[in-house]
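First the structure, in the form of C-alpha cells, and then the observations on it.
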Amino acid sequence: MSHQKTVRVALAGGGAFGAKHAAALRRIDGVEVTAVVSGTPDSARKFAAEHGIGRGAATLDEVLAADDVDAVILATPTPLHAGQTIACLEAGKHVQVEIPLADSLADAEACLAAQQRTGLVAMAGHTRRFNPSHQWVRQRVLAGEYRIQQMDVQTYFLRRTNLNALGQPRSWTDHLLWHHAAHTVDLFAHQTGSPIVQAHAIQGPVHPELGIAMDMSIQLRAESGALCTLSLSFNNDGPFGTSFRYIGDTGTYLARYDDLFTGKDEPIDVSRVDVSTDGIELQDREFVAAIREGREPNASLAQVLPCYRTLDALEQQLTAATNP
C-alpha cells in the first residue's frame with residue numbers, strides 16, 4: 001500500500017471512547033472513516049451524523065463484508081474484544097482493539113494466532129505507550145540518562161454503580177485487573193525495557209451486585225530490579241483516572257495522561273515529544289502508519305501478550321486466595 005492511498009477505517013462502538021477515536025481520526029491525513037457500528041442501528045446513524053462519518057451500520061458483520069473498509073477500530077465492551085478482533089482479521093481487515101485485548105489469556109493468545117495466520121496489522125490500545133508524558137520518560141531511559149527504580153501508580157474511579165465514562169448505564173461490567181491494571185502492567189515492562197519476573201496481587205471484597213472486587217493492590221518486579229506498586233479502586237471519591245510517579249536515579253516525574261510534572265509538581269513541556277499531545281491520536285497515527293508501511297506497530301498483539309500472561313498469573317493468585 002502506497003503512502004498516498006487513503007486508509008478507510010470503520011469504527012465499532014459509538015460510546016465515550018468511540019468519540020475520542022472519531023475526533024483523532026479526523027486529524028490524520030489520508031484517513032476516511034467510512035462506517036460506524038454501535039449498540040443499535042439508530043445510535044449508529046446518530047453517531048455517524050454527529051461525527052461526520054460516512055454511514056451508520058447495523059452490525060459488525062455488515063462492516064466486515066464492506067469493500068470500502070480496510071481497517072477496523074474496536075471500541076466495544078470488553079467481553080466482545082477477542083471474538084471481534086479475530087473476526088476482523090479473518091475478514092481481511094487490519095484491526096486496532098481498545099484495551100484490554102481480551103479478558104483471558106487463552107483469548108489473547110487466540111487473537112495473536114489469528115494475527116500471525118493472516119499477517120495483518122493488529123494492535124491493542126495500550127495508550128500509555130503513546131502519551132507524550134510517558135514517551136518523554138522513555139526517551140530519557142533509551143538515551144541512558146535515566147534508570148527507573150520504582151513506578152508508583154494509582155488508578156482510581158468512583159464506580160459503585162455500573163456507569164460508563166459519560167455517566168450512562170453500562171451493559172457490561174468493567175474490571176480492575178483485566179482492563180485497568182493492563183495499562184500499567186504493560187507500561188512498566190515497556191518503560192523499564194525489562195520483562196516482569198515477579199508479580200503479586202491482593203484484592204478487597206467482591207461487590208454483591210457487580211460481582212467484582214472494588215479494590216486491588218499489585219506489586220511487580222522487573223528483571224532490571226525496578227519495582228512497580230499499583231493501587232486500584234472503584235471506591236475513590238476524587239478525580240477519575242490514573243497518576244504515575246516515576247522514581248529514578250536522576251529524578252522523579254509525575255505523569256497524568258498526556259501531562260508531565262517533576263516530583264515537585266513543576267510542569268514539564270512535552271509539546272515537542274511527538275506530532276500531537278493527544279495519546280489517542282498518536283495511537284491511531286501509529287495504526288495508520290503501520291498499515292501504510294506494512295510493518296509491525298508499537299503495541300502490536302505480539303508486544304502486549306506478555307502483559308496478559310502476567311494478568312493471568314495474577315488472576316490465578318487472586319482466585320486461589322479467594323477459594324483456598
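Note on naming: chains are A, B, ... as they come in the C-alpha cells, residues start from 1 per chain, ligands start from 1 in the order shown.
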Do a neighbour search on range 258-267 of chain A at 9 Å with only C-alpha atoms, toss out local chain neighbours closer than 6 positions, and write the hits as a PyMOL selection string.
chain A and resi 128+130-134+136+245-247+251-252+277-279
Apply DSSP to the structure's backbone, then extract all residues of range 33-265 of chain A labelled helix (DSSP H, G or I) and return them as a VMD selection string.
chain A and resid 41 to 51 60 to 65 78 to 90 105 to 118 127 to 129 132 to 142 176 to 192
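For the pair CA of Glu286 in chain A and CA of Arg129 in chain A, the interatomic distance is 11.0 Å.
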Which residue out of A:Leu282, A:Cys111, A:Leu158, A:Val37 has the minimum interatomic distance to Leu25 in chain A when only C-alpha atoms are used?
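Selected residue with least distance to Leu25 in chain A: A:Leu282.
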Can you tell me, as a PyMOL selection string, what residues are no more than 12 Å from Pro100 in chain A when counting only C-alpha atoms, ignoring any on the same chain fewer than 6 positions away?
chain A and resi 74-82+85+107-108+111+123-127+174-186+299+301+304-305+307-308+311
For the residues in the current selection, export C-alpha atoms as an mmCIF file, in the first residue's frame.
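Resulting contents of again_4.cif:
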data_model
loop_
_atom_site.group_PDB
_atom_site.id
_atom_site.type_symbol
_atom_site.label_atom_id
_atom_site.label_comp_id
_atom_site.auth_asym_id
_atom_site.auth_seq_id
_atom_site.Cartn_x
_atom_site.Cartn_y
_atom_site.Cartn_z
ATOM 1 C CA LEU A 74 -12.905 -1.721 18.116
ATOM 2 C CA ALA A 75 -14.143 0.457 20.987
ATOM 3 C CA THR A 76 -16.734 -2.081 22.126
ATOM 4 C CA PRO A 77 -17.444 -3.738 25.502
ATOM 5 C CA THR A 78 -14.501 -5.755 26.875
ATOM 6 C CA PRO A 79 -16.219 -9.191 26.630
ATOM 7 C CA LEU A 80 -16.550 -8.738 22.836
ATOM 8 C CA HIS A 81 -12.935 -7.703 22.121
ATOM 9 C CA ALA A 82 -11.282 -11.055 21.426
ATOM 10 C CA THR A 85 -10.591 -8.989 16.808
ATOM 11 C CA ASP A 107 -8.471 -15.466 24.212
ATOM 12 C CA ALA A 108 -5.461 -13.139 23.958
ATOM 13 C CA CYS A 111 -6.022 -13.249 18.816
ATOM 14 C CA MET A 123 -2.574 -3.646 17.683
ATOM 15 C CA ALA A 124 -4.066 -3.115 21.118
ATOM 16 C CA GLY A 125 -4.996 0.286 22.531
ATOM 17 C CA HIS A 126 -2.282 0.412 25.173
ATOM 18 C CA THR A 127 -2.464 4.216 25.117
ATOM 19 C CA ASP A 174 -15.600 -3.131 33.879
ATOM 20 C CA HIS A 175 -12.665 -4.930 35.524
ATOM 21 C CA LEU A 176 -9.791 -3.595 37.645
ATOM 22 C CA LEU A 177 -7.404 -6.425 36.713
ATOM 23 C CA TRP A 178 -8.052 -7.185 33.036
ATOM 24 C CA HIS A 179 -8.774 -3.608 31.975
ATOM 25 C CA HIS A 180 -7.296 -1.008 34.288
ATOM 26 C CA ALA A 181 -4.239 -2.911 35.542
ATOM 27 C CA ALA A 182 -3.408 -3.902 31.944
ATOM 28 C CA HIS A 183 -2.339 -0.299 31.207
ATOM 29 C CA THR A 184 0.242 -0.248 33.988
ATOM 30 C CA VAL A 185 1.484 -3.845 33.712
ATOM 31 C CA ASP A 186 2.273 -3.282 30.029
ATOM 32 C CA ALA A 299 1.646 -2.127 20.909
ATOM 33 C CA LEU A 301 -0.547 -8.060 19.783
ATOM 34 C CA VAL A 304 1.466 -6.779 24.528
ATOM 35 C CA LEU A 305 0.944 -10.520 25.055
ATOM 36 C CA CYS A 307 1.180 -8.250 29.839
ATOM 37 C CA TYR A 308 -1.768 -10.655 29.523
ATOM 38 C CA LEU A 311 -2.567 -10.665 34.331
#
Rows by chain and residue number, range 91-163 of chain A within 12 Å of range 314-324 of chain A, shortest pair, only C-alpha atoms, as a tab-separated table:
residue	atom	partner	partner_atom	distance
A:Asp103	CA	A:Glu315	CA	10.4
A:Ser104	CA	A:Glu315	CA	9.3
A:Leu105	CA	A:Glu315	CA	10.2
